[in-house]
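K.L.:
File name query13.pdb; file contents PDB, C-alpha atoms; full text below.
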```
MODEL        1
ATOM      1  CA  MET A   1     -83.752  19.888-138.828  1.00  0.00           C
ATOM      2  CA  ARG A   2     -84.341  18.208-142.049  1.00  0.00           C
ATOM      3  CA  HIS A   3     -82.634  19.040-145.301  1.00  0.00           C
ATOM      4  CA  PHE A   4     -84.300  18.470-148.559  1.00  0.00           C
ATOM      5  CA  ALA A   5     -82.456  18.032-151.720  1.00  0.00           C
ATOM      6  CA  LEU A   6     -84.128  18.969-154.907  1.00  0.00           C
ATOM      7  CA  PHE A   7     -83.007  17.122-157.937  1.00  0.00           C
ATOM      8  CA  VAL A   8     -83.878  18.361-161.384  1.00  0.00           C
ATOM      9  CA  PHE A   9     -83.696  16.107-164.319  1.00  0.00           C
ATOM     10  CA  LEU A  10     -83.402  17.632-167.711  1.00  0.00           C
ATOM     11  CA  ALA A  11     -84.321  15.449-170.613  1.00  0.00           C
ATOM     12  CA  VAL A  12     -83.419  16.461-174.112  1.00  0.00           C
ATOM     13  CA  MET A  13     -84.909  14.603-176.997  1.00  0.00           C
ATOM     14  CA  THR A  14     -82.877  14.684-180.168  1.00  0.00           C
ATOM     15  CA  ARG A  15     -83.170  12.948-183.441  1.00  0.00           C
ATOM     16  CA  SER A  16     -80.637  10.202-184.064  1.00  0.00           C
ATOM     17  CA  VAL A  17     -77.882  11.015-186.519  1.00  0.00           C
ATOM     18  CA  TYR A  18     -79.003  10.527-190.111  1.00  0.00           C
ATOM     19  CA  ALA A  19     -81.168   7.426-189.975  1.00  0.00           C
ATOM     20  CA  LEU A  20     -81.952   7.272-193.708  1.00  0.00           C
ATOM     21  CA  GLU A  21     -80.379   4.211-195.354  1.00  0.00           C
ATOM     22  CA  ILE A  22     -80.375   3.168-198.995  1.00  0.00           C
ATOM     23  CA  TYR A  23     -79.690  -0.348-200.268  1.00  0.00           C
ATOM     24  CA  HIS A  24     -78.066  -0.974-203.649  1.00  0.00           C
ATOM     25  CA  TYR A  25     -79.817  -4.153-204.897  1.00  0.00           C
ATOM     26  CA  ALA A  26     -79.501  -4.497-208.673  1.00  0.00           C
ATOM     27  CA  PRO A  27     -77.389  -4.533-210.609  1.00  0.00           C
ATOM     28  CA  SER A  28     -75.346  -5.556-207.580  1.00  0.00           C
ATOM     29  CA  ALA A  29     -72.024  -4.231-208.927  1.00  0.00           C
ATOM     30  CA  TYR A  30     -71.377  -0.485-208.845  1.00  0.00           C
ATOM     31  CA  SER A  31     -69.523  -0.616-212.173  1.00  0.00           C
ATOM     32  CA  ILE A  32     -71.145  -2.494-215.065  1.00  0.00           C
ATOM     33  CA  GLU A  33     -70.724  -2.960-218.808  1.00  0.00           C
ATOM     34  CA  VAL A  34     -73.789  -3.158-221.045  1.00  0.00           C
ATOM     35  CA  ASP A  35     -74.312  -3.513-224.771  1.00  0.00           C
ATOM     36  CA  LEU A  36     -75.716  -0.682-226.829  1.00  0.00           C
ATOM     37  CA  TYR A  37     -79.558  -0.757-226.764  1.00  0.00           C
ATOM     38  CA  ASP A  38     -79.700  -2.948-223.655  1.00  0.00           C
ATOM     39  CA  GLU A  39     -82.488  -2.054-221.243  1.00  0.00           C
ATOM     40  CA  ILE A  40     -81.324  -2.470-217.653  1.00  0.00           C
ATOM     41  CA  ASP A  41     -83.510  -2.646-214.525  1.00  0.00           C
ATOM     42  CA  PHE A  42     -82.160  -0.745-211.505  1.00  0.00           C
ATOM     43  CA  HIS A  43     -83.425  -1.663-208.032  1.00  0.00           C
ATOM     44  CA  ILE A  44     -82.909   0.020-204.656  1.00  0.00           C
ATOM     45  CA  GLY A  45     -84.374  -0.276-201.192  1.00  0.00           C
ATOM     46  CA  ALA A  46     -84.550   2.335-198.435  1.00  0.00           C
ATOM     47  CA  ASP A  47     -85.563   2.628-194.816  1.00  0.00           C
ATOM     48  CA  ASP A  48     -85.946   5.455-192.351  1.00  0.00           C
ATOM     49  CA  PRO A  49     -87.734   5.379-188.975  1.00  0.00           C
ATOM     50  CA  TYR A  50     -88.908   8.939-189.599  1.00  0.00           C
ATOM     51  CA  GLY A  51     -90.645   8.149-192.883  1.00  0.00           C
ATOM     52  CA  LEU A  52     -89.706   7.837-196.537  1.00  0.00           C
ATOM     53  CA  ASN A  53     -90.823  10.307-199.178  1.00  0.00           C
ATOM     54  CA  CYS A  54     -89.537   9.704-202.730  1.00  0.00           C
ATOM     55  CA  CYS A  55     -86.773   8.491-205.035  1.00  0.00           C
ATOM     56  CA  ASP A  56     -85.360  10.550-207.927  1.00  0.00           C
ATOM     57  CA  TRP A  57     -83.531   8.812-210.774  1.00  0.00           C
ATOM     58  CA  TYR A  58     -80.841  10.575-212.822  1.00  0.00           C
ATOM     59  CA  VAL A  59     -78.817   9.741-215.926  1.00  0.00           C
ATOM     60  CA  ASP A  60     -75.620  11.736-215.505  1.00  0.00           C
ATOM     61  CA  ASN A  61     -77.054  15.088-214.323  1.00  0.00           C
ATOM     62  CA  ASP A  62     -80.390  14.781-216.126  1.00  0.00           C
ATOM     63  CA  HIS A  63     -83.425  14.065-213.940  1.00  0.00           C
ATOM     64  CA  GLN A  64     -85.486  11.224-215.410  1.00  0.00           C
ATOM     65  CA  VAL A  65     -88.323  10.400-213.017  1.00  0.00           C
ATOM     66  CA  ARG A  66     -89.546  10.738-209.422  1.00  0.00           C
ATOM     67  CA  HIS A  67     -91.302   7.852-207.661  1.00  0.00           C
ATOM     68  CA  TYR A  68     -93.105   8.294-204.341  1.00  0.00           C
ATOM     69  CA  PHE A  69     -92.834   5.531-201.779  1.00  0.00           C
ATOM     70  CA  SER A  70     -96.058   3.797-200.728  1.00  0.00           C
ATOM     71  CA  GLN A  71     -94.639   2.360-197.491  1.00  0.00           C
ATOM     72  CA  GLN A  72     -93.525   4.827-194.865  1.00  0.00           C
ATOM     73  CA  TYR A  73     -90.567   3.130-193.166  1.00  0.00           C
ATOM     74  CA  TYR A  74     -89.182   0.611-195.684  1.00  0.00           C
ATOM     75  CA  ASP A  75     -89.801   0.413-199.415  1.00  0.00           C
ATOM     76  CA  GLU A  76     -88.144  -0.493-202.707  1.00  0.00           C
ATOM     77  CA  ASP A  77     -88.011   1.224-206.075  1.00  0.00           C
ATOM     78  CA  TRP A  78     -87.334  -0.044-209.600  1.00  0.00           C
ATOM     79  CA  TRP A  79     -86.496   1.895-212.723  1.00  0.00           C
ATOM     80  CA  SER A  80     -85.449   0.791-216.235  1.00  0.00           C
ATOM     81  CA  TYR A  81     -83.301   2.585-218.783  1.00  0.00           C
ATOM     82  CA  GLU A  82     -82.363   1.752-222.377  1.00  0.00           C
ATOM     83  CA  PHE A  83     -78.825   2.777-223.294  1.00  0.00           C
ATOM     84  CA  ASP A  84     -78.985   4.223-226.819  1.00  0.00           C
ATOM     85  CA  GLU A  85     -75.515   5.799-227.104  1.00  0.00           C
ATOM     86  CA  PRO A  86     -72.080   4.255-226.544  1.00  0.00           C
ATOM     87  CA  GLY A  87     -69.837   5.686-223.828  1.00  0.00           C
ATOM     88  CA  ASP A  88     -69.752   6.141-220.064  1.00  0.00           C
ATOM     89  CA  VAL A  89     -72.956   6.928-218.158  1.00  0.00           C
ATOM     90  CA  ASP A  90     -73.637   7.452-214.443  1.00  0.00           C
ATOM     91  CA  ILE A  91     -76.995   6.377-212.994  1.00  0.00           C
ATOM     92  CA  PHE A  92     -78.001   7.887-209.637  1.00  0.00           C
ATOM     93  CA  ALA A  93     -80.890   7.065-207.294  1.00  0.00           C
ATOM     94  CA  TYR A  94     -81.511   9.771-204.659  1.00  0.00           C
ATOM     95  CA  VAL A  95     -83.842   8.854-201.790  1.00  0.00           C
ATOM     96  CA  TYR A  96     -85.475  11.540-199.620  1.00  0.00           C
ATOM     97  CA  ASN A  97     -87.134  11.092-196.238  1.00  0.00           C
ATOM     98  CA  GLN A  98     -89.991  13.135-194.755  1.00  0.00           C
ATOM     99  CA  ALA A  99     -87.496  15.510-193.090  1.00  0.00           C
ATOM    100  CA  GLY A 100     -85.845  16.317-196.436  1.00  0.00           C
ATOM    101  CA  ASP A 101     -82.651  14.357-195.765  1.00  0.00           C
ATOM    102  CA  GLU A 102     -81.211  12.590-198.789  1.00  0.00           C
ATOM    103  CA  GLU A 103     -79.015   9.605-199.485  1.00  0.00           C
ATOM    104  CA  PHE A 104     -77.941   8.207-202.848  1.00  0.00           C
ATOM    105  CA  THR A 105     -76.439   5.239-204.615  1.00  0.00           C
ATOM    106  CA  TYR A 106     -75.051   5.041-208.127  1.00  0.00           C
ATOM    107  CA  TRP A 107     -73.901   2.834-210.967  1.00  0.00           C
ATOM    108  CA  GLN A 108     -71.096   3.596-213.408  1.00  0.00           C
ATOM    109  CA  VAL A 109     -72.139   2.137-216.744  1.00  0.00           C
ATOM    110  CA  GLU A 110     -69.943   1.559-219.774  1.00  0.00           C
ATOM    111  CA  VAL A 111     -72.114   1.239-222.887  1.00  0.00           C
ATOM    112  CA  VAL A 112     -70.328  -0.799-225.566  1.00  0.00           C
ATOM    113  CA  ASP A 113     -71.090  -0.771-229.295  1.00  0.00           C
ATOM    114  CA  HIS A 114     -69.526  -3.886-230.790  1.00  0.00           C
ATOM    115  CA  ALA A 115     -68.057  -3.643-234.284  1.00  0.00           C
ATOM    116  CA  PRO A 116     -69.791  -5.758-236.914  1.00  0.00           C
ATOM    117  CA  ASP A 117     -68.200  -8.939-238.260  1.00  0.00           C
ATOM    118  CA  ILE A 118     -67.876  -9.034-242.042  1.00  0.00           C
ATOM    119  CA  ASN A 119     -67.578 -12.302-243.938  1.00  0.00           C
ATOM    120  CA  ARG A 120     -66.511 -12.655-247.547  1.00  0.00           C
ATOM    121  CA  GLY A 121     -68.938 -14.746-249.560  1.00  0.00           C
ATOM    122  CA  SER A 122     -67.947 -14.665-253.201  1.00  0.00           C
ATOM    123  CA  PRO A 123     -65.313 -14.686-254.410  1.00  0.00           C
ATOM    124  CA  SER A 124     -64.073 -16.508-251.331  1.00  0.00           C
ATOM    125  CA  SER A 125     -60.414 -15.642-251.861  1.00  0.00           C
ATOM    126  CA  SER A 126     -58.947 -12.226-251.146  1.00  0.00           C
ATOM    127  CA  SER A 127     -56.975 -12.454-254.426  1.00  0.00           C
ATOM    128  CA  VAL A 128     -58.836 -12.855-257.728  1.00  0.00           C
ATOM    129  CA  THR A 129     -57.476 -12.876-261.274  1.00  0.00           C
ATOM    130  CA  VAL A 130     -59.795 -11.476-263.932  1.00  0.00           C
ATOM    131  CA  THR A 131     -59.454 -10.662-267.608  1.00  0.00           C
ATOM    132  CA  GLN A 132     -59.952  -7.162-268.958  1.00  0.00           C
ATOM    133  CA  GLY A 133     -63.669  -6.478-269.497  1.00  0.00           C
ATOM    134  CA  GLU A 134     -64.758  -9.218-267.100  1.00  0.00           C
ATOM    135  CA  THR A 135     -67.496  -8.450-264.533  1.00  0.00           C
ATOM    136  CA  ILE A 136     -67.179  -9.884-261.038  1.00  0.00           C
ATOM    137  CA  THR A 137     -69.934  -9.872-258.414  1.00  0.00           C
ATOM    138  CA  PHE A 138     -68.664  -9.510-254.866  1.00  0.00           C
ATOM    139  CA  GLU A 139     -70.827 -10.825-252.027  1.00  0.00           C
ATOM    140  CA  VAL A 140     -70.467 -10.240-248.297  1.00  0.00           C
ATOM    141  CA  SER A 141     -72.502 -10.786-245.160  1.00  0.00           C
ATOM    142  CA  ALA A 142     -72.318  -8.907-241.882  1.00  0.00           C
ATOM    143  CA  THR A 143     -73.416  -9.711-238.341  1.00  0.00           C
ATOM    144  CA  ASP A 144     -73.639  -7.293-235.443  1.00  0.00           C
ATOM    145  CA  GLU A 145     -74.451  -8.446-231.925  1.00  0.00           C
ATOM    146  CA  ASP A 146     -75.817  -4.960-231.085  1.00  0.00           C
ATOM    147  CA  GLY A 147     -78.326  -5.262-233.943  1.00  0.00           C
ATOM    148  CA  ASP A 148     -77.483  -1.878-235.418  1.00  0.00           C
ATOM    149  CA  LEU A 149     -76.114  -2.601-238.887  1.00  0.00           C
ATOM    150  CA  ASP A 150     -76.429   0.575-240.952  1.00  0.00           C
ATOM    151  CA  PHE A 151     -74.896   0.276-244.416  1.00  0.00           C
ATOM    152  CA  PHE A 152     -72.392  -1.385-246.748  1.00  0.00           C
ATOM    153  CA  GLU A 153     -69.913   0.699-248.744  1.00  0.00           C
ATOM    154  CA  TRP A 154     -67.860  -0.607-251.636  1.00  0.00           C
ATOM    155  CA  TYR A 155     -64.480   0.824-252.664  1.00  0.00           C
ATOM    156  CA  ILE A 156     -61.744   0.104-255.153  1.00  0.00           C
ATOM    157  CA  GLY A 157     -58.643   1.290-253.360  1.00  0.00           C
ATOM    158  CA  SER A 158     -59.732   4.561-251.802  1.00  0.00           C
ATOM    159  CA  SER A 159     -62.246   5.311-254.568  1.00  0.00           C
ATOM    160  CA  PHE A 160     -65.868   5.087-253.344  1.00  0.00           C
ATOM    161  CA  GLN A 161     -68.104   3.024-255.637  1.00  0.00           C
ATOM    162  CA  GLU A 162     -71.481   2.256-253.998  1.00  0.00           C
ATOM    163  CA  HIS A 163     -73.507   2.624-250.789  1.00  0.00           C
ATOM    164  CA  ASN A 164     -76.261   0.133-249.817  1.00  0.00           C
ATOM    165  CA  ASN A 165     -78.429   0.171-246.702  1.00  0.00           C
ATOM    166  CA  ALA A 166     -78.254  -2.577-244.089  1.00  0.00           C
ATOM    167  CA  SER A 167     -80.250  -3.259-240.926  1.00  0.00           C
ATOM    168  CA  GLY A 168     -80.668  -5.547-237.955  1.00  0.00           C
ATOM    169  CA  SER A 169     -78.126  -8.034-236.651  1.00  0.00           C
ATOM    170  CA  TYR A 170     -77.556  -9.828-239.957  1.00  0.00           C
ATOM    171  CA  ASP A 171     -77.582  -8.609-243.552  1.00  0.00           C
ATOM    172  CA  GLU A 172     -76.063  -9.448-246.924  1.00  0.00           C
ATOM    173  CA  ASP A 173     -74.953  -7.320-249.853  1.00  0.00           C
ATOM    174  CA  ASP A 174     -73.478  -7.734-253.302  1.00  0.00           C
ATOM    175  CA  TRP A 175     -71.871  -5.420-255.795  1.00  0.00           C
ATOM    176  CA  SER A 176     -70.761  -5.996-259.370  1.00  0.00           C
ATOM    177  CA  TYR A 177     -67.849  -4.324-261.122  1.00  0.00           C
ATOM    178  CA  THR A 178     -66.515  -4.579-264.643  1.00  0.00           C
ATOM    179  CA  PHE A 179     -62.721  -4.394-264.816  1.00  0.00           C
ATOM    180  CA  ASN A 180     -62.114  -2.398-268.008  1.00  0.00           C
ATOM    181  CA  GLN A 181     -58.480  -1.599-267.219  1.00  0.00           C
ATOM    182  CA  THR A 182     -55.504  -3.771-266.533  1.00  0.00           C
ATOM    183  CA  GLY A 183     -53.728  -3.507-263.190  1.00  0.00           C
ATOM    184  CA  GLN A 184     -53.943  -4.506-259.584  1.00  0.00           C
ATOM    185  CA  PHE A 185     -56.930  -3.369-257.513  1.00  0.00           C
ATOM    186  CA  GLN A 186     -57.657  -3.549-253.832  1.00  0.00           C
TER     187      GLN A 186
ENDMDL
END
```
Represent the structure contained in this file as structure tokens.
P.N.:
Amino acid sequence: MRHFALFVFLAVMTRSVYALEIYHYAPSAYSIEVDLYDEIDFHIGADDPYGLNCCDWYVDNDHQVRHYFSQQYYDEDWWSYEFDEPGDVDIFAYVYNQAGDEEFTYWQVEVVDHAPDINRGSPSSSSVTVTQGETITFEVSATDEDGDLDFFEWYIGSSFQEHNNASGSYDEDDWSYTFNQTGQFQ
């Protein structure tokens, strides 16, 4: 008498655990400092054996743009942003695959607005002696590495005297005043 054994093999096909990967290329650091009005290029790469779909770019929680990938399994995406306000900003790149899975990378950006440098032109000294009724012309120049000079304001003590527009990264201004009273002025 012969005995037969029946063996049953059960094969279950499952998808591997979360195959979508995102690569943080540029800027390479996760935390960066930029100057006000700098335009920065952000660059990511992604791969997924099940197929890539798109990349969404965000500034803080505000959606900026969606790019669709042209290559199915590996592709890269670039996006540029000009920082027009000082402060802290988060940039996010969310990548989606064909199955709807998502992965993200981010950058924490500190946007710095540098204070202008002011240089005394004339008179060159911070202390000037004048006679009553004498008119003095004060001259200054200003530089700003952010390129966002806005205006010059002139004061005697805390008393506002004059406002003049400025622009760019370098500008000059002058203001004349006749000292009709005796005393010390700042």
K.L.:
Neighbouring residues of Gln72 of chain A were defined as those with any atom within 12 Å, considering all atoms listed in the file; residues of the same chain fewer than 6 positions away were excluded. Please report them as a list in words.
P.N.:
Leu20, Ala46, Asp47, Asp48, Pro49, Tyr50, Gly51, Leu52, Asn53, Cys54, Tyr96, Asn97 and Gln98 of chain A
K.L.:
Once the PyMOL selection byres ((chain A and resi 118-128) around 7) has been applied to the shown file, what residues remain in the selection, as a compact mmCIF listing (two decimals) with C-alpha atoms, keeping the file's coordinate frame?
P.N.:
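Saved the output as expr15.txt:
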```txt
# COMPACT_ATOMS: atom_id res chain seq x y z
CA PRO A 116 -69.79 -5.76 -236.91
CA ASP A 117 -68.20 -8.94 -238.26
CA THR A 129 -57.48 -12.88 -261.27
CA VAL A 130 -59.80 -11.48 -263.93
CA PHE A 138 -68.66 -9.51 -254.87
CA GLU A 139 -70.83 -10.82 -252.03
CA VAL A 140 -70.47 -10.24 -248.30
CA SER A 141 -72.50 -10.79 -245.16
CA ALA A 142 -72.32 -8.91 -241.88
CA THR A 143 -73.42 -9.71 -238.34
```
K.L.:
Report as a PyMOL selection string the full result of the PyMOL selection byres ((chain A and resi 153) around 8) when it is applied to this structure.
P.N.:
chain A and resi 151-152+154-155+160-164
K.L.:
Keeping only C-alpha atoms, write those residues as an mmCIF file, in the coordinates of the input.
P.N.:
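Written file, out.cif:
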```
data_model
loop_
_atom_site.group_PDB
_atom_site.id
_atom_site.type_symbol
_atom_site.label_atom_id
_atom_site.label_comp_id
_atom_site.auth_asym_id
_atom_site.auth_seq_id
_atom_site.Cartn_x
_atom_site.Cartn_y
_atom_site.Cartn_z
ATOM 1 C CA PHE A 151 -74.896 0.276 -244.416
ATOM 2 C CA PHE A 152 -72.392 -1.385 -246.748
ATOM 3 C CA TRP A 154 -67.860 -0.607 -251.636
ATOM 4 C CA TYR A 155 -64.480 0.824 -252.664
ATOM 5 C CA PHE A 160 -65.868 5.087 -253.344
ATOM 6 C CA GLN A 161 -68.104 3.024 -255.637
ATOM 7 C CA GLU A 162 -71.481 2.256 -253.998
ATOM 8 C CA HIS A 163 -73.507 2.624 -250.789
ATOM 9 C CA ASN A 164 -76.261 0.133 -249.817
#
```
K.L.:
What is the distance between atom CA of Val59 of chain A and atom CA of Ser167 of chain A, in Å to one decimal?
P.N.:
28.2 Å
K.L.:
From the list A:Ala99, A:Val111, A:Leu36, A:Ala93, which residue is nearest Asp146 of chain A when using only C-alpha atoms?
P.N.:
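Result for the nearest residue to Asp146 of chain A: A:Leu36.
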K.L.:
If I wrap all listed atoms of segment 97-114 of chain A in a box with edges along x, y and z and add 3 Å on each side, what are its centre and edge lengths in Å to one decimal, as JSON?
P.N.:
```
{"center_x": -79.8, "center_y": 6.2, "center_z": -211.9, "size_x": 26.5, "size_y": 26.2, "size_z": 43.7}
```
K.L.:
So how many Å separate atom CA of Ser169 of chain A and atom CA of Val89 of chain A, to one decimal?
P.N.:
24.3 Å
K.L.:
Hey, what's within 12 Å of Gln64 of chain A if we count only C-alpha atoms and toss same-chain stuff fewer than 5 positions away? As a PyMOL selection string, please?
P.N.:
chain A and resi 55-59+79-81+91-94
K.L.:
Atoms to include: C-alpha atoms. Write the selected residues as a short mmCIF file (atom, residue, chain, number, x, y, z; two decimals), in the frame of the given file.
P.N.:
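For reference, result_0.cif as written:
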```
data_model
loop_
_atom_site.label_atom_id
_atom_site.label_comp_id
_atom_site.auth_asym_id
_atom_site.auth_seq_id
_atom_site.Cartn_x
_atom_site.Cartn_y
_atom_site.Cartn_z
CA CYS A 55 -86.77 8.49 -205.04
CA ASP A 56 -85.36 10.55 -207.93
CA TRP A 57 -83.53 8.81 -210.77
CA TYR A 58 -80.84 10.58 -212.82
CA VAL A 59 -78.82 9.74 -215.93
CA TRP A 79 -86.50 1.90 -212.72
CA SER A 80 -85.45 0.79 -216.24
CA TYR A 81 -83.30 2.58 -218.78
CA ILE A 91 -77.00 6.38 -212.99
CA PHE A 92 -78.00 7.89 -209.64
CA ALA A 93 -80.89 7.06 -207.29
CA TYR A 94 -81.51 9.77 -204.66
#
```
K.L.:
Record the distance separating atom CA of Tyr68 of chain A and atom CA of Tyr30 of chain A, expressed in Å with one decimal.
P.N.:
23.9 Å
K.L.:
Of the candidates A:Phe179, A:Gly133, A:Ile32, A:Asp113, which one gets nearest to Gly147 of chain A if we count all atoms listed in the file?
P.N.:
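Smallest distance to Gly147 of chain A is found for A:Asp113.
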K.L.:
On this structure, which residues satisfy the PyMOL selection byres ((chain A and resi 45) around 8), written as a list in words?
P.N.:
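Applied to this file, the PyMOL selection byres ((chain A and resi 45) around 8) selects Ile22, Tyr23, His24, Tyr25, His43, Ile44, Ala46, Asp47, Tyr74, Asp75, Glu76 and Asp77 of chain A.
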K.L.:
May I have the residues at most 9 Å from (-54.5, -5.4, -262.8) in the file's coordinates, counting all atoms listed in the file, as a list in words?
P.N.:
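With a cut-off of 9 Å, the residues come to Thr129, Val130, Thr131, Gln132, Phe179, Gln181, Thr182, Gly183, Gln184 and Phe185 of chain A.
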K.L.:
Give me the residues near Tyr177 of chain A as a list in words, where near means some atom within 9 Å (using all atoms listed in the file) and where sequence neighbours in that chain fewer than 3 positions away do not count.
P.N.:
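Surrounding residues, per the criterion: Glu134, Thr135, Ile136, Thr137 and Phe138 of chain A.
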K.L.:
Ranking A:Asp62, A:Glu145, A:Asp173, A:Asp35 by minimum distance to Asp90 of chain A and counting only C-alpha atoms, which one comes first?
P.N.:
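Nearest candidate to Asp90 of chain A out of A:Asp62, A:Glu145, A:Asp173, A:Asp35: A:Asp62.
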